[in-house]
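Source file: work-v9.txt (compact mmCIF, C-alpha atoms and all ligand atoms)
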# COMPACT_ATOMS: atom_id res chain seq x y z
CA MET I 192 8.05 -0.34 52.43
CA GLU I 193 10.66 -3.06 51.96
CA LYS I 194 9.94 -4.32 48.49
CA ILE I 195 7.42 -4.22 45.72
CA LEU I 196 5.79 -7.46 44.58
CA ASP I 197 4.57 -6.73 41.08
CA LEU I 198 1.93 -9.25 39.99
CA ARG I 199 0.38 -7.14 37.22
CA SER I 200 2.05 -9.17 34.49
CA ASP I 201 4.96 -11.47 33.70
CA THR I 202 6.19 -8.69 31.40
CA VAL I 203 7.57 -6.92 34.49
CA THR I 204 10.28 -9.56 34.98
CA ARG I 205 13.77 -8.13 34.99
CA PRO I 206 16.60 -9.92 33.20
CA THR I 207 18.47 -12.31 35.50
CA ALA I 208 22.07 -11.73 36.54
CA GLU I 209 23.07 -14.48 34.09
CA MET I 210 21.22 -12.69 31.29
CA ARG I 211 22.98 -9.41 32.05
CA GLU I 212 26.30 -11.21 32.00
CA ALA I 213 25.41 -12.87 28.69
CA MET I 214 24.47 -9.47 27.24
CA LYS I 215 27.81 -8.06 28.31
CA ASN I 216 29.76 -10.91 26.75
CA ALA I 217 27.68 -11.40 23.59
CA ILE I 218 29.58 -11.64 20.33
CA VAL I 219 27.80 -9.26 18.00
CA GLY I 220 27.76 -8.12 14.38
CA ASP I 221 25.46 -6.32 11.97
CA ASP I 222 22.36 -8.47 11.89
CA ILE I 223 20.84 -6.75 8.84
CA LEU I 224 23.94 -8.03 7.04
CA ARG I 225 23.42 -11.40 8.85
CA ASP I 226 26.74 -10.93 10.62
CA ASP I 227 25.56 -11.38 14.21
CA PRO I 228 26.44 -14.93 15.31
CA THR I 229 24.44 -14.69 18.54
CA VAL I 230 21.25 -13.76 16.68
CA ILE I 231 21.81 -16.57 14.21
CA ARG I 232 22.31 -19.02 17.10
CA LEU I 233 19.07 -17.86 18.76
CA GLU I 234 17.10 -18.11 15.53
CA GLU I 235 18.41 -21.61 14.80
CA LEU I 236 17.64 -22.67 18.36
CA ALA I 237 14.06 -21.34 18.16
CA ALA I 238 13.45 -23.09 14.83
CA GLU I 239 14.73 -26.37 16.29
CA ILE I 240 12.70 -26.10 19.51
CA PHE I 241 9.51 -25.36 17.55
CA GLY I 242 10.13 -27.97 14.87
CA LYS I 243 9.91 -25.39 12.05
CA GLU I 244 12.36 -24.55 9.28
CA ALA I 245 13.36 -21.06 10.38
CA ALA I 246 12.90 -18.27 12.93
CA LEU I 247 13.29 -14.51 13.15
CA LEU I 248 14.05 -12.32 16.15
CA THR I 249 11.74 -9.30 16.38
CA ILE I 250 11.45 -6.49 18.89
CA SER I 251 8.12 -7.57 20.38
CA GLY I 252 5.16 -9.91 20.25
CA THR I 253 3.16 -7.15 18.64
CA MET I 254 5.74 -6.80 15.87
CA SER I 255 5.74 -10.56 15.24
CA ASN I 256 1.94 -10.73 15.15
CA GLU I 257 1.64 -7.81 12.77
CA ILE I 258 4.38 -9.08 10.45
CA ALA I 259 2.55 -12.40 10.20
CA VAL I 260 -0.70 -10.67 9.21
CA MET I 261 1.20 -8.51 6.69
CA ILE I 262 2.55 -11.64 5.01
CA TYR I 263 -0.73 -13.52 4.72
CA THR I 264 -2.97 -10.65 3.59
CA LYS I 265 -3.44 -7.85 1.08
CA PRO I 266 -5.55 -4.73 1.68
CA GLY I 267 -9.22 -5.68 1.70
CA ASP I 268 -8.61 -9.25 2.89
CA GLU I 269 -10.06 -10.60 6.09
CA ILE I 270 -8.65 -12.63 8.99
CA VAL I 271 -10.50 -14.54 11.71
CA VAL I 272 -9.45 -13.65 15.25
CA PHE I 273 -10.76 -14.12 18.76
CA SER I 274 -12.62 -11.05 19.98
CA ASP I 275 -10.59 -11.23 23.21
CA SER I 276 -7.23 -11.68 21.50
CA HIS I 277 -4.21 -9.43 21.82
CA LEU I 278 -4.08 -9.07 18.03
CA TYR I 279 -7.58 -7.63 17.92
CA ASN I 280 -7.54 -5.52 21.08
CA LEU I 281 -4.08 -4.33 21.95
CA GLU I 282 -2.14 -3.63 18.77
CA THR I 283 -3.53 -0.16 17.97
CA GLY I 284 -5.54 -1.42 15.00
CA GLY I 285 -2.41 -2.80 13.34
CA ILE I 286 -4.34 -5.39 11.32
CA SER I 287 -6.03 -2.63 9.33
CA ALA I 288 -3.37 0.08 9.70
CA LEU I 289 -0.37 -2.03 8.65
CA SER I 290 -1.91 -4.72 6.46
CA GLY I 291 -5.10 -3.04 5.27
CA ALA I 292 -6.91 -6.22 6.25
CA GLN I 293 -10.04 -6.39 8.36
CA PRO I 294 -10.48 -8.62 11.37
CA ARG I 295 -13.55 -10.82 11.83
CA PRO I 296 -13.65 -11.25 15.60
CA LEU I 297 -15.34 -14.30 17.11
CA LYS I 298 -16.17 -14.64 20.80
CA SER I 299 -14.70 -17.58 22.66
CA ASP I 300 -14.57 -18.59 26.31
CA SER I 301 -12.33 -21.55 25.74
CA GLY I 302 -9.64 -20.42 23.31
CA THR I 303 -11.08 -22.50 20.48
CA TYR I 304 -13.54 -21.55 17.76
CA GLU I 305 -17.03 -22.99 17.76
CA PRO I 306 -16.91 -24.95 14.46
CA GLY I 307 -20.25 -23.67 13.12
CA GLU I 308 -19.29 -20.06 13.83
CA LEU I 309 -15.84 -20.47 12.31
CA SER I 310 -17.25 -22.03 9.12
CA GLU I 311 -19.75 -19.22 8.83
CA ALA I 312 -17.06 -16.59 9.40
CA ILE I 313 -15.09 -17.75 6.37
CA MET I 314 -16.30 -15.70 3.44
CA PRO I 315 -17.68 -17.60 0.45
CA PRO I 316 -16.31 -16.44 -2.89
CA GLY I 317 -18.20 -13.53 -4.41
CA VAL I 318 -17.64 -10.23 -6.11
CA GLN I 319 -18.80 -8.34 -3.02
CA ARG I 320 -16.86 -10.42 -0.52
CA ALA I 321 -13.60 -9.84 1.30
CA ARG I 322 -11.31 -12.86 0.96
CA THR I 323 -10.65 -14.71 4.22
CA GLN I 324 -6.91 -15.39 4.26
CA LEU I 325 -5.94 -16.43 7.78
CA ILE I 326 -7.16 -18.06 10.96
CA CYS I 327 -5.48 -16.73 14.12
CA LEU I 328 -5.23 -18.57 17.42
CA GLU I 329 -3.82 -17.57 20.80
CA ASN I 330 -2.37 -19.98 23.36
CA THR I 331 -2.37 -19.37 26.28
CA PHE I 332 -5.69 -17.57 25.87
CA HIS I 333 -6.35 -14.70 26.70
CA LEU I 334 -4.04 -12.33 28.50
CA ASN I 335 -6.27 -11.89 31.54
CA ARG I 336 -6.97 -15.62 31.96
CA GLY I 337 -3.99 -17.63 30.73
CA LEU I 338 -6.00 -20.68 29.66
CA ALA I 339 -3.90 -23.42 28.10
CA VAL I 340 -5.55 -25.09 25.12
CA ALA I 341 -4.58 -28.72 24.47
CA LYS I 342 -3.74 -29.60 20.87
CA ASN I 343 -6.64 -32.04 20.45
CA ARG I 344 -9.08 -29.19 21.14
CA TYR I 345 -8.04 -27.61 17.83
CA ALA I 346 -9.08 -30.62 15.72
CA GLU I 347 -12.19 -28.97 14.25
CA THR I 348 -10.39 -25.68 13.55
CA ILE I 349 -7.65 -27.60 11.74
CA ALA I 350 -10.21 -29.50 9.65
CA ILE I 351 -11.99 -26.26 8.67
CA ALA I 352 -8.69 -24.55 7.83
CA GLN I 353 -7.72 -27.51 5.64
CA LYS I 354 -11.10 -27.58 3.91
CA HIS I 355 -10.72 -23.91 2.95
CA ASP I 356 -6.96 -24.12 2.40
CA LEU I 357 -6.32 -21.41 5.00
CA PRO I 358 -3.09 -20.96 6.97
CA ILE I 359 -3.15 -20.92 10.78
CA PHE I 360 -1.12 -18.39 12.76
CA MET I 361 -0.59 -18.90 16.49
CA ASP I 362 0.02 -15.98 18.84
CA GLY I 363 1.98 -18.10 21.28
CA ALA I 364 3.28 -15.27 23.45
CA ARG I 365 3.01 -17.76 26.37
CA ILE I 366 3.08 -21.02 24.40
CA PHE I 367 5.67 -22.56 26.76
CA ASN I 368 3.18 -22.12 29.61
CA ALA I 369 0.52 -23.77 27.45
CA ALA I 370 2.78 -26.72 26.58
CA LEU I 371 3.73 -27.22 30.22
CA ALA I 372 0.11 -27.16 31.37
CA THR I 373 -1.02 -29.59 28.67
CA ASN I 374 1.92 -31.96 29.14
CA THR I 375 3.51 -31.65 25.77
CA THR I 376 6.32 -29.89 23.91
CA VAL I 377 5.89 -26.60 22.08
CA ALA I 378 6.85 -28.38 18.83
CA ASP I 379 3.94 -30.77 19.26
CA LEU I 380 1.51 -28.08 20.37
CA VAL I 381 2.15 -25.94 17.26
CA SER I 382 2.79 -28.76 14.77
CA PHE I 383 -0.36 -27.85 12.80
CA CYS I 384 0.41 -24.11 12.70
CA ASP I 385 1.95 -22.45 9.66
CA SER I 386 3.63 -19.84 11.83
CA VAL I 387 3.95 -18.95 15.50
CA ASP I 388 4.96 -16.00 17.65
CA VAL I 389 6.57 -16.67 21.03
CA CYS I 390 7.64 -13.94 23.46
CA LEU I 391 11.00 -14.02 25.22
CA CYS I 392 10.14 -11.23 27.63
CA LYS I 393 7.06 -12.55 29.44
CA GLY I 394 7.50 -15.53 31.77
CA LEU I 395 10.88 -16.24 30.18
CA ALA I 396 12.25 -13.01 31.67
CA ALA I 397 14.34 -11.67 28.79
CA PRO I 398 14.37 -7.86 28.64
CA LEU I 399 12.74 -7.77 25.19
CA GLY I 400 12.24 -9.74 22.05
CA SER I 401 9.99 -12.24 20.38
CA MET I 402 10.56 -15.08 17.91
CA LEU I 403 8.50 -15.59 14.79
CA VAL I 404 8.83 -19.17 13.52
CA GLY I 405 7.64 -20.87 10.35
CA SER I 406 8.79 -22.11 6.97
CA LYS I 407 11.98 -20.78 5.39
CA ASP I 408 10.00 -18.85 2.77
CA PHE I 409 7.76 -17.33 5.43
CA ILE I 410 10.73 -16.21 7.54
CA ASP I 411 12.56 -14.79 4.49
CA GLU I 412 9.49 -12.65 3.82
CA ALA I 413 9.13 -11.82 7.54
CA ARG I 414 12.69 -10.50 7.53
CA ARG I 415 11.73 -8.14 4.69
CA MET I 416 8.54 -7.04 6.45
CA ARG I 417 10.42 -6.49 9.72
CA GLN I 418 12.76 -4.20 7.80
CA ARG I 419 9.82 -2.36 6.26
CA ILE I 420 8.39 -1.40 9.63
CA GLY I 421 11.76 -0.36 11.02
CA GLY I 422 12.47 -3.52 12.97
CA GLY I 423 15.74 -4.49 11.32
CA MET I 424 18.49 -4.47 13.94
CA ARG I 425 22.25 -4.09 13.89
CA GLN I 426 24.18 -5.48 16.89
CA ALA I 427 21.16 -7.37 18.17
CA GLY I 428 23.28 -10.08 19.78
CA VAL I 429 22.90 -8.19 23.05
CA ILE I 430 19.18 -9.01 22.87
CA ALA I 431 19.68 -12.49 21.46
CA ALA I 432 22.05 -13.58 24.25
CA PRO I 433 19.42 -13.34 27.02
CA GLY I 434 16.93 -14.76 24.51
CA ILE I 435 18.98 -17.96 24.32
CA LEU I 436 18.82 -18.25 28.11
CA ALA I 437 15.08 -17.55 27.96
CA LEU I 438 14.49 -20.47 25.56
CA THR I 439 16.64 -22.87 27.53
CA LYS I 440 17.12 -22.18 31.27
CA MET I 441 14.04 -20.07 31.87
CA VAL I 442 11.66 -22.55 30.25
CA GLU I 443 12.78 -25.09 32.83
CA ARG I 444 11.67 -23.00 35.77
CA LEU I 445 8.13 -22.31 34.52
CA PRO I 446 6.64 -25.15 36.65
CA GLU I 447 7.45 -23.03 39.72
CA ASP I 448 5.26 -20.21 38.37
CA HIS I 449 2.37 -22.61 37.73
CA GLU I 450 2.72 -24.13 41.21
CA ASN I 451 2.78 -20.68 42.80
CA ALA I 452 -0.30 -19.63 40.82
CA GLU I 453 -2.19 -22.71 42.01
CA LYS I 454 -1.08 -22.06 45.61
CA MET I 455 -2.44 -18.56 45.19
CA ARG I 456 -5.78 -19.79 43.79
CA LEU I 457 -6.26 -22.23 46.66
CA GLY I 458 -5.35 -19.57 49.22
CA LEU I 459 -7.70 -17.01 47.65
CA GLU I 460 -10.57 -19.51 47.57
CA ALA I 461 -9.96 -20.23 51.26
CA LEU I 462 -10.35 -16.46 51.84
CA GLY I 463 -13.75 -16.42 50.11
CA ILE I 464 -12.54 -14.96 46.80
CA ARG I 465 -13.79 -16.52 43.56
CA VAL I 466 -11.07 -17.55 41.11
CA ASP I 467 -11.38 -18.43 37.43
CA ARG I 468 -11.33 -22.24 37.14
CA GLY I 469 -12.65 -22.30 33.59
CA GLY I 470 -10.04 -24.52 31.95
CA VAL I 471 -6.43 -25.69 32.13
CA LEU I 472 -4.67 -22.92 34.06
CA THR I 473 -1.17 -21.49 33.96
CA ASN I 474 0.62 -18.57 35.62
CA ILE I 475 -2.29 -16.10 35.45
CA VAL I 476 -4.69 -15.95 38.39
CA ASN I 477 -7.95 -14.23 37.56
CA LEU I 478 -9.98 -13.38 40.64
CA ASP I 479 -13.37 -11.94 41.42
CA VAL I 480 -13.53 -10.04 44.71
CA SER I 481 -17.30 -9.43 44.68
CA PRO I 482 -18.12 -12.51 46.84
CA ALA I 483 -15.96 -10.89 49.54
CA GLY I 484 -17.96 -7.65 49.13
CA TRP I 485 -15.25 -5.69 47.31
CA LYS I 486 -14.85 -3.90 44.02
CA ALA I 487 -11.62 -4.45 42.11
CA ALA I 488 -10.22 -0.89 42.02
CA PRO I 489 -10.29 -0.12 45.77
CA PHE I 490 -9.04 -3.63 46.49
CA ALA I 491 -6.07 -3.08 44.15
CA ASP I 492 -5.41 0.34 45.72
CA ARG I 493 -5.34 -1.18 49.19
CA LEU I 494 -2.91 -3.93 48.11
CA ASN I 495 -0.77 -1.32 46.41
CA GLY I 496 -0.41 0.36 49.81
CA TYR I 497 1.27 -2.85 51.02
CA GLY I 498 3.62 -2.99 48.05
CA ILE I 499 1.60 -5.57 46.10
CA LYS I 500 0.68 -4.51 42.58
CA VAL I 501 -2.17 -6.23 40.74
CA LYS I 502 -4.04 -5.43 37.54
CA VAL I 503 -7.69 -4.40 37.56
CA CYS I 504 -9.51 -6.18 34.70
CA SER I 505 -13.14 -5.14 35.30
CA GLU I 506 -15.39 -3.77 38.05
CA HIS I 507 -14.99 -6.92 40.14
CA THR I 508 -12.10 -8.85 38.62
CA LEU I 509 -8.34 -8.57 38.90
CA ARG I 510 -5.35 -10.38 37.53
CA MET I 511 -2.30 -11.62 39.44
CA VAL I 512 0.52 -13.17 37.43
CA THR I 513 3.29 -15.29 38.89
CA HIS I 514 6.77 -15.06 37.41
CA ASN I 515 10.50 -15.24 38.03
CA ASP I 516 10.55 -12.20 40.33
CA ILE I 517 7.86 -13.68 42.63
CA PRO I 518 9.57 -16.52 44.50
CA SER I 519 7.49 -19.20 46.27
CA ARG I 520 8.34 -17.78 49.69
CA ASP I 521 6.40 -14.59 48.87
CA ILE I 522 3.10 -16.35 48.13
CA SER I 523 2.14 -16.76 51.80
CA PHE I 524 3.02 -13.10 52.46
CA ILE I 525 0.76 -12.08 49.56
CA LEU I 526 -2.10 -14.28 50.82
CA ASP I 527 -1.68 -13.03 54.41
CA THR I 528 -1.78 -9.44 53.18
CA ILE I 529 -4.92 -10.11 51.13
CA GLY I 530 -6.47 -11.71 54.24
CA ASN I 531 -5.66 -8.55 56.22
CA VAL I 532 -7.12 -6.29 53.54
CA LEU I 533 -10.34 -8.32 53.51
CA ARG I 534 -10.64 -7.80 57.25
CA GLU I 535 -10.11 -4.04 56.95
CA GLN I 536 -12.96 -1.63 56.44
CA ARG I 537 -13.82 -1.12 52.78
C1 LIG M 1 -1.13 -12.92 24.08
C2 LIG M 1 -0.19 -11.81 23.77
N1 LIG M 1 0.22 -11.64 22.51
C3 LIG M 1 1.07 -10.64 22.16
C4 LIG M 1 1.55 -9.78 23.11
C5 LIG M 1 2.43 -8.65 22.67
O1 LIG M 1 3.70 -8.70 23.18
P1 LIG M 1 4.59 -7.34 23.28
O2 LIG M 1 4.13 -6.64 24.50
O3 LIG M 1 5.98 -7.88 23.36
O4 LIG M 1 4.36 -6.57 22.05
C6 LIG M 1 1.15 -9.92 24.45
C7 LIG M 1 1.66 -8.98 25.48
O5 LIG M 1 1.34 -9.05 26.64
C8 LIG M 1 0.26 -10.96 24.78
O6 LIG M 1 -0.17 -11.13 26.04

Take the structure from the file and write it as structure tokens.
Amino acid sequence: MEKILDLRSDTVTRPTAEMREAMKNAIVGDDILRDDPTVIRLEELAAEIFGKEAALLTISGTMSNEIAVMIYTKPGDEIVVFSDSHLYNLETGGISALSGAQPRPLKSDSGTYEPGELSEAIMPPGVQRARTQLICLENTFHLNRGLAVAKNRYAETIAIAQKHDLPIFMDGARIFNAALATNTTVADLVSFCDSVDVCLCKGLAAPLGSMLVGSKDFIDEARRMRQRIGGGMRQAGVIAAPGILALTKMVERLPEDHENAEKMRLGLEALGIRVDRGGVLTNIVNLDVSPAGWKAAPFADRLNGYGIKVKVCSEHTLRMVTHNDIPSRDISFILDTIGNVLREQR
């Protein structure tokens, strides 16, 4: 087999040659002592791009998300999350384990809260009640669908948050994809959020890292909480250097991923496969192979045999994610291979 085309996630992207060079040449220092100029440059850049006062480099999106919850809550408090969110499903129970808070998960198909349900989910005061302290959002939503949510769709959530004086945290692991797909800037898209997490190592192709952005006070506290959970770093400039390229150069090439994903959707539909069209779409293609008479696992196995890796999401659905290591020229090969698999015996 000549090469592997890994479409399971955009987390599989390898750092570009330019990133590796930047890592090699990075000027570094002890970042816990605030002596790493490359980290400081990355944090200032992130704050500026997001229109917030300050930013903090963390190891991962999970670490950023959990630090945010730690800051807004005390043990016994409650936060509102989407039942399909990363925070609720894929962080090993960190909300309760690290913060001692409990999540109140609400179902959503669109990436926004239904206003009546959100209002009802916010605990009224009372001696027996947990205190609701935070409303969490995720954009793009959710990791198997990549739906971009336009800012105006949050109007009711914002009004409810204001009425109850609750902060809003955005898990914006793929917020640049969301901004691109809704024709705006990330600063505009998160202008109503108190704090935001954005990942450098998904579609932006850095080897690791995530930025937490918010007010100066919030980031000062986040720096302390990062230290508490062992996330303080020393010569982290080697991570920050590719992060700077992620936030600048790599953002500019995201349209290619969205175009490739749409090419893939159209090609799959032409082959009789159902694709998720339930909103504004980005670099994640969610497909249902049951109309073609297949189940997801054997279909994925067969593609794997041709060097194409995809993620099985449920009995009939799979996910294929476009990214920097899947150039446009490979899309027709992928579609041709899928066509061949569909013609093979199940
Ligand atoms: C929406 C979302 N939030 C947070 C994360 C966590 O990022 P990390 O894997 O860097 O911890 C992910 C990871 O895929 C994600 O998809």

List as number ranges by chain the protein and nucleic acid residues near Ser287 (chain I), meaning an atom at most 10 Å away when all atoms listed in the file are counted, but skip any in the same chain fewer than 6 places from it.
I: 257, 260-261, 266-269, 293-294

Please determine, counting all atoms listed in the file, which residue among I:Thr283, I:Leu334, I:Ile231, I:Leu328 has the shortest atom-to-atom distance to ligand LIG 1 (chain M).
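Ranked by minimum distance to ligand LIG 1 (chain M), first place goes to I:Leu334.
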
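Closest approach to Asp379 (chain I) among I:Ile366, I:Phe273, I:Gly422, I:Thr204: I:Ile366, based on only C-alpha atoms.
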
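Taking CA of Ile410 (chain I) as the reference point, CA of Glu244 (chain I) is found at 8.7 Å.
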
With distances taken over all atoms listed in the file, the candidate from I:Val203, I:Ala437, I:Ile286, I:Met254 nearest ligand LIG 1 (chain M) is I:Met254

Tell me, as a PDB file with C-alpha atoms, in the coordinates of the input, which residues lie within 12 Å of Ala238 (chain I), counting only C-alpha atoms; anything in the same chain fewer than 5 positions away does not count.
ATOM      1  CA  ILE I 231      21.810 -16.570  14.210  1.00  0.00           C
ATOM      2  CA  ARG I 232      22.310 -19.020  17.100  1.00  0.00           C
ATOM      3  CA  LEU I 233      19.070 -17.860  18.760  1.00  0.00           C
ATOM      4  CA  LYS I 243       9.910 -25.390  12.050  1.00  0.00           C
ATOM      5  CA  GLU I 244      12.360 -24.550   9.280  1.00  0.00           C
ATOM      6  CA  ALA I 245      13.360 -21.060  10.380  1.00  0.00           C
ATOM      7  CA  ALA I 246      12.900 -18.270  12.930  1.00  0.00           C
ATOM      8  CA  LEU I 247      13.290 -14.510  13.150  1.00  0.00           C
ATOM      9  CA  LEU I 248      14.050 -12.320  16.150  1.00  0.00           C
ATOM     10  CA  VAL I 377       5.890 -26.600  22.080  1.00  0.00           C
ATOM     11  CA  ALA I 378       6.850 -28.380  18.830  1.00  0.00           C
ATOM     12  CA  VAL I 381       2.150 -25.940  17.260  1.00  0.00           C
ATOM     13  CA  SER I 386       3.630 -19.840  11.830  1.00  0.00           C
ATOM     14  CA  VAL I 387       3.950 -18.950  15.500  1.00  0.00           C
ATOM     15  CA  ASP I 388       4.960 -16.000  17.650  1.00  0.00           C
ATOM     16  CA  VAL I 389       6.570 -16.670  21.030  1.00  0.00           C
ATOM     17  CA  MET I 402      10.560 -15.080  17.910  1.00  0.00           C
ATOM     18  CA  LEU I 403       8.500 -15.590  14.790  1.00  0.00           C
ATOM     19  CA  VAL I 404       8.830 -19.170  13.520  1.00  0.00           C
ATOM     20  CA  GLY I 405       7.640 -20.870  10.350  1.00  0.00           C
ATOM     21  CA  SER I 406       8.790 -22.110   6.970  1.00  0.00           C
ATOM     22  CA  LYS I 407      11.980 -20.780   5.390  1.00  0.00           C
ATOM     23  CA  ILE I 410      10.730 -16.210   7.540  1.00  0.00           C
ATOM     24  CA  LEU I 438      14.490 -20.470  25.560  1.00  0.00           C
TER      25      LEU I 438
END

Show me which residues line ligand LIG 1 (chain M), defined as having an atom within 9 Å of a ligand atom where only C-alpha atoms and all ligand atoms count, and present them as a VMD selection string.
chain I and resid 200 to 202 250 to 256 276 to 278 281 to 282 329 to 335 337 362 to 365 388 to 393 399 to 401

Using only C-alpha atoms, please write the residues we just selected to a file, as a PDB file, in the frame of the given file.
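This went into out-v4.pdb:
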ATOM      1  CA  SER I 200       2.050  -9.170  34.490  1.00  0.00           C
ATOM      2  CA  ASP I 201       4.960 -11.470  33.700  1.00  0.00           C
ATOM      3  CA  THR I 202       6.190  -8.690  31.400  1.00  0.00           C
ATOM      4  CA  ILE I 250      11.450  -6.490  18.890  1.00  0.00           C
ATOM      5  CA  SER I 251       8.120  -7.570  20.380  1.00  0.00           C
ATOM      6  CA  GLY I 252       5.160  -9.910  20.250  1.00  0.00           C
ATOM      7  CA  THR I 253       3.160  -7.150  18.640  1.00  0.00           C
ATOM      8  CA  MET I 254       5.740  -6.800  15.870  1.00  0.00           C
ATOM      9  CA  SER I 255       5.740 -10.560  15.240  1.00  0.00           C
ATOM     10  CA  ASN I 256       1.940 -10.730  15.150  1.00  0.00           C
ATOM     11  CA  SER I 276      -7.230 -11.680  21.500  1.00  0.00           C
ATOM     12  CA  HIS I 277      -4.210  -9.430  21.820  1.00  0.00           C
ATOM     13  CA  LEU I 278      -4.080  -9.070  18.030  1.00  0.00           C
ATOM     14  CA  LEU I 281      -4.080  -4.330  21.950  1.00  0.00           C
ATOM     15  CA  GLU I 282      -2.140  -3.630  18.770  1.00  0.00           C
ATOM     16  CA  GLU I 329      -3.820 -17.570  20.800  1.00  0.00           C
ATOM     17  CA  ASN I 330      -2.370 -19.980  23.360  1.00  0.00           C
ATOM     18  CA  THR I 331      -2.370 -19.370  26.280  1.00  0.00           C
ATOM     19  CA  PHE I 332      -5.690 -17.570  25.870  1.00  0.00           C
ATOM     20  CA  HIS I 333      -6.350 -14.700  26.700  1.00  0.00           C
ATOM     21  CA  LEU I 334      -4.040 -12.330  28.500  1.00  0.00           C
ATOM     22  CA  ASN I 335      -6.270 -11.890  31.540  1.00  0.00           C
ATOM     23  CA  GLY I 337      -3.990 -17.630  30.730  1.00  0.00           C
ATOM     24  CA  ASP I 362       0.020 -15.980  18.840  1.00  0.00           C
ATOM     25  CA  GLY I 363       1.980 -18.100  21.280  1.00  0.00           C
ATOM     26  CA  ALA I 364       3.280 -15.270  23.450  1.00  0.00           C
ATOM     27  CA  ARG I 365       3.010 -17.760  26.370  1.00  0.00           C
ATOM     28  CA  ASP I 388       4.960 -16.000  17.650  1.00  0.00           C
ATOM     29  CA  VAL I 389       6.570 -16.670  21.030  1.00  0.00           C
ATOM     30  CA  CYS I 390       7.640 -13.940  23.460  1.00  0.00           C
ATOM     31  CA  LEU I 391      11.000 -14.020  25.220  1.00  0.00           C
ATOM     32  CA  CYS I 392      10.140 -11.230  27.630  1.00  0.00           C
ATOM     33  CA  LYS I 393       7.060 -12.550  29.440  1.00  0.00           C
ATOM     34  CA  LEU I 399      12.740  -7.770  25.190  1.00  0.00           C
ATOM     35  CA  GLY I 400      12.240  -9.740  22.050  1.00  0.00           C
ATOM     36  CA  SER I 401       9.990 -12.240  20.380  1.00  0.00           C
TER      37      SER I 401
END

Exercise on region 278-297 of chain I, axis-aligned box with 4 Å per side, report centre and edge lengths in Å to one decimal, as lines of an AutoDock Vina configuration file:
center_x = -7.9
center_y = -7.1
center_z = 13.6
size_x = 23.0
size_y = 22.4
size_z = 24.7

So, with only C-alpha atoms as the atoms that count, which of I:Asp516, I:Glu535, I:Asp197, I:Asp300 lies closest to Val340 (chain I)?
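Once distances to Val340 (chain I) are computed over only C-alpha atoms, the minimum belongs to I:Asp300.
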
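Here CA of Ala483 (chain I) is placed at a distance of 6.0 Å from CA of Gly463 (chain I).
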
What is the distance between CA of Val429 (chain I) and CA of Ala213 (chain I), in Å to one decimal?
7.7 Å
